[in-house]
Every structure is written in structure tokens, then in C-alpha cells.
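Student: Take a look at this one; I'll ask things after.
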Amino acid sequence: MVVKDDELPYLRRCVELAAEALESGDEPFGSVLVAADGTVLAEDHNRVASGDRTRHPEFELARWTAAHLTPAERAAATVYTSGEHCPMCAAAHAWVGLGRIVYVASSEQLASWLTELGVPAPPVRTLPVSEVAPGVTVDGPVPALTEEIKELHRRFHRRQG
């Protein structure tokens with residue numbers, strides 16, 4: 001499936017949430033959970049600066065859906081996100097039975113940006129969602145917004161450097 005124009009507002013919100021994370025001193029990632037009817041159910045941004053490296057928005061949204069949605073509602077929902085899920089988040093997504101993922105920037109793009117910036121590799125191998133959760137429908141990247149996400153990551157890592 002291709003990302004449709006009417007999905008861009010959700011993805012723009014993910015970019016806004018990533019910018020909010022950056023402004024609060026965190027890594028720039030943001031995600032929005034949308035029901036089958038287009039209703040925004042929940043949203044979050046990265047909160048790993050607290051020291052808990054599992055506080056990714058995609059993981060938080062997966063946990064939220066397990067507590068608040070039926071299996072059918074989870075399967076029909078879409079997670080829009082600024083960056084492709086890491087392996088931990090992809091697994092959580094699949095384990096709770098969430099539907100489609102739409103991301104702005106791929107894990108491959110992020111890895112290349114981090115290499116360009118001289119950032120050490122993360123402790124968990126970067127993998128596409130399809131390798132971790134092969135049954136999940138995944139769409140992205142979204143070139144219209146990719147440069148904005150790349151710039152947020154540049155800003156974050158320049159501050160850290």
C-alpha cells in the first residue's frame with residue numbers, strides 16, 4: 001500500500017512530536033496511533049532521556065493498545081511514526097496484534113545518518129520491521145518529510161557531541 005495524501009497530517013504530527021522530544025532534551029522520535037475510522041487514539045514521543053531506554057513511543061503505544069483496545073480494534077489501527085520501529089518496538093507491535101505501520105524515515109536511513117554524524121552504533125542491531133515482524137504491513141519512507149526528520153537527528157547529535 002502506498003502512503004496517501006490524507007495520511008500526511010498524521011505523519012506531520014509525528015514530526016511535530018519528534019521536535020517536541022528534541023526540545024525536551026530527548027531523541028527525536030514521535031508516533032501517532034490512529035483507529036480504522038481516522039480517529040487519533042493516542043500519541044507519544046521518545047522519553048529515553050530519563051534513563052529508561054525502552055521508553056520509545058511505538059512501544060508505549062503498543063502497551064496502551066493492549067490495555068484499551070480489543071484485538072479487532074488493534075488489528076485495524078495504524079501506527080504512524082517518524083522513524084521505522086526498532087526491533088524491540090516491532091516485536092511489541094506484532095505481539096499485541098497491531099495493524100499497519102507507516103514511517104517517515106527507515107531504519108536504514110537513520111543508520112546511515114548516524115554513521116555520517118559519527119554516532120556509535122546502538123546496542124541492538126538495526127533491522128527493518130519486516131525482518132522482526134514479517135506479518136505486519138509496513139509503508140515508508142515518506143520523502144516529503146524525510147529531510148525534516150534528518151535535521152532533527154542532526155540537531156540532537158550535535159547537542160550530544
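Simple scheme: letters A, B, ... for chains in C-alpha cells order, numbers from 1 for residues in each chain, numbers from 1 for ligands in the order shown.
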Write down as a VMD selection string the residues belonging to chain A that are assigned alpha helix (DSSP H) by DSSP computed on the backbone.

Tutor: chain A and resid 8 to 23 57 to 68 71 to 76 87 to 96 107 to 116 129 to 132 143 to 160

Student: Could you build a table of the residues in region 91-115 of chain A lying no more than 6 Å from region 73-80 of chain A, giving for each the nearest pair of atoms and their separation in Å rounded to one decimal place, using only C-alpha atoms, ordered by chain and ascending residue number, as JSON lines?

Tutor:
```
{"residue": "A:Gly97", "atom": "CA", "partner": "A:Ala75", "partner_atom": "CA", "distance": 5.6}
{"residue": "A:Leu98", "atom": "CA", "partner": "A:Ala75", "partner_atom": "CA", "distance": 4.6}
{"residue": "A:Gly99", "atom": "CA", "partner": "A:Ala75", "partner_atom": "CA", "distance": 4.3}
{"residue": "A:Arg100", "atom": "CA", "partner": "A:Thr78", "partner_atom": "CA", "distance": 4.8}
{"residue": "A:Ile101", "atom": "CA", "partner": "A:Val79", "partner_atom": "CA", "distance": 4.9}
{"residue": "A:Val102", "atom": "CA", "partner": "A:Tyr80", "partner_atom": "CA", "distance": 4.8}
{"residue": "A:Tyr103", "atom": "CA", "partner": "A:Tyr80", "partner_atom": "CA", "distance": 5.8}
```

Student: Would you mind exporting the chosen residues as a short mmCIF file (atom, residue, chain, number, x, y, z; two decimals), in the first residue's frame, restricted to N, CA and C atoms?

Tutor:
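Result file again.cif:
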```cif
data_model
loop_
_atom_site.label_atom_id
_atom_site.label_comp_id
_atom_site.auth_asym_id
_atom_site.auth_seq_id
_atom_site.Cartn_x
_atom_site.Cartn_y
_atom_site.Cartn_z
N GLY A 97 -0.67 -7.42 18.29
CA GLY A 97 -1.57 -7.58 17.14
C GLY A 97 -2.00 -6.28 16.48
N LEU A 98 -1.12 -5.27 16.52
CA LEU A 98 -1.43 -4.02 15.85
C LEU A 98 -1.38 -4.19 14.33
N GLY A 99 -2.05 -3.29 13.63
CA GLY A 99 -2.11 -3.31 12.17
C GLY A 99 -0.90 -2.65 11.53
N ARG A 100 -1.15 -1.89 10.53
CA ARG A 100 -0.16 -1.29 9.66
C ARG A 100 0.74 -0.27 10.39
N ILE A 101 1.98 -0.17 9.89
CA ILE A 101 2.94 0.84 10.32
C ILE A 101 3.26 1.71 9.10
N VAL A 102 3.25 3.03 9.31
CA VAL A 102 3.69 3.97 8.27
C VAL A 102 4.76 4.85 8.90
N TYR A 103 5.94 4.86 8.30
CA TYR A 103 7.04 5.64 8.87
C TYR A 103 7.58 6.67 7.88
#
```

Student: With distances taken over only C-alpha atoms, which of A:His56, A:Glu84, A:Leu152, A:Gln160 is nearest to Glu23 (chain A)?

Tutor: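 With only C-alpha atoms as the atom set, the closest residue is A:Leu152.
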
Student: Counting only C-alpha atoms, figure out which residue out of A:Ala94, A:Ala67, A:Ala49, A:Met88 gets nearest to Ser24 (chain A).

Tutor: A:Ala49

Student: Taking 6 positions as the minimum chain separation for residues in the same chain, which residues sit within 12 Å of Val40 (chain A) when counting only C-alpha atoms? Answer as a VMD selection string.

Tutor: chain A and resid 7 9 to 11 13 to 14 31 to 34 61 77 to 80

Student: Find the residues near region 124-130 of chain A: any atom within 12 Å, counting only C-alpha atoms, skip ones fewer than 6 places away on the same chain, and give them as a PyMOL selection string.

Tutor: chain A and resi 53-54+83-94+100-103+105-112+114+136-141

Student: Can you work out the spacing between CA of Val132 (chain A) and CA of Asp26 (chain A) in Å, to one decimal?

Tutor: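 A separation of 25.4 Å between them.
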
Student: Which value, in Å to one decimal, gives the distance between CA of Pro122 (chain A) and CA of Glu27 (chain A)?

Tutor: 12.9 Å

Student: Counting only C-alpha atoms, which of A:Gly161, A:Pro134, A:Pro123, A:Gly30 gets nearest to Arg55 (chain A)?

Tutor: A:Gly30

Student: Could you pull the residues within 8 Å of Val15 (chain A), counting only C-alpha atoms, minus those fewer than 5 positions along the same chain, as a list of chain:residue names?

Tutor: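 Contacts, with the query itself left out: A:Phe29, A:Gly30, A:Ser82, A:Leu145, A:Glu148, A:Ile149.
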
Student: Quick check for you: according to DSSP on this backbone, which residues of region 9-78 of chain A are classed as strand (DSSP E)? Reply as an MDAnalysis selection string.

Tutor: chainID A and resid 30:34 40:45 78

Student: Nearest residue to Leu17 (chain A) out of A:Ala36, A:Lys4, A:Thr81, A:Thr115, using only C-alpha atoms?

Tutor: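 Checking each of A:Ala36, A:Lys4, A:Thr81, A:Thr115 against Leu17 (chain A), counting only C-alpha atoms, the winner is A:Thr81.
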
Student: Nearest residue to Ala35 (chain A) out of A:Leu117, A:Leu8, A:Ala72, A:Ala66, using only C-alpha atoms?

Tutor: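 Distance minimum relative to Ala35 (chain A) lands on A:Ala72.
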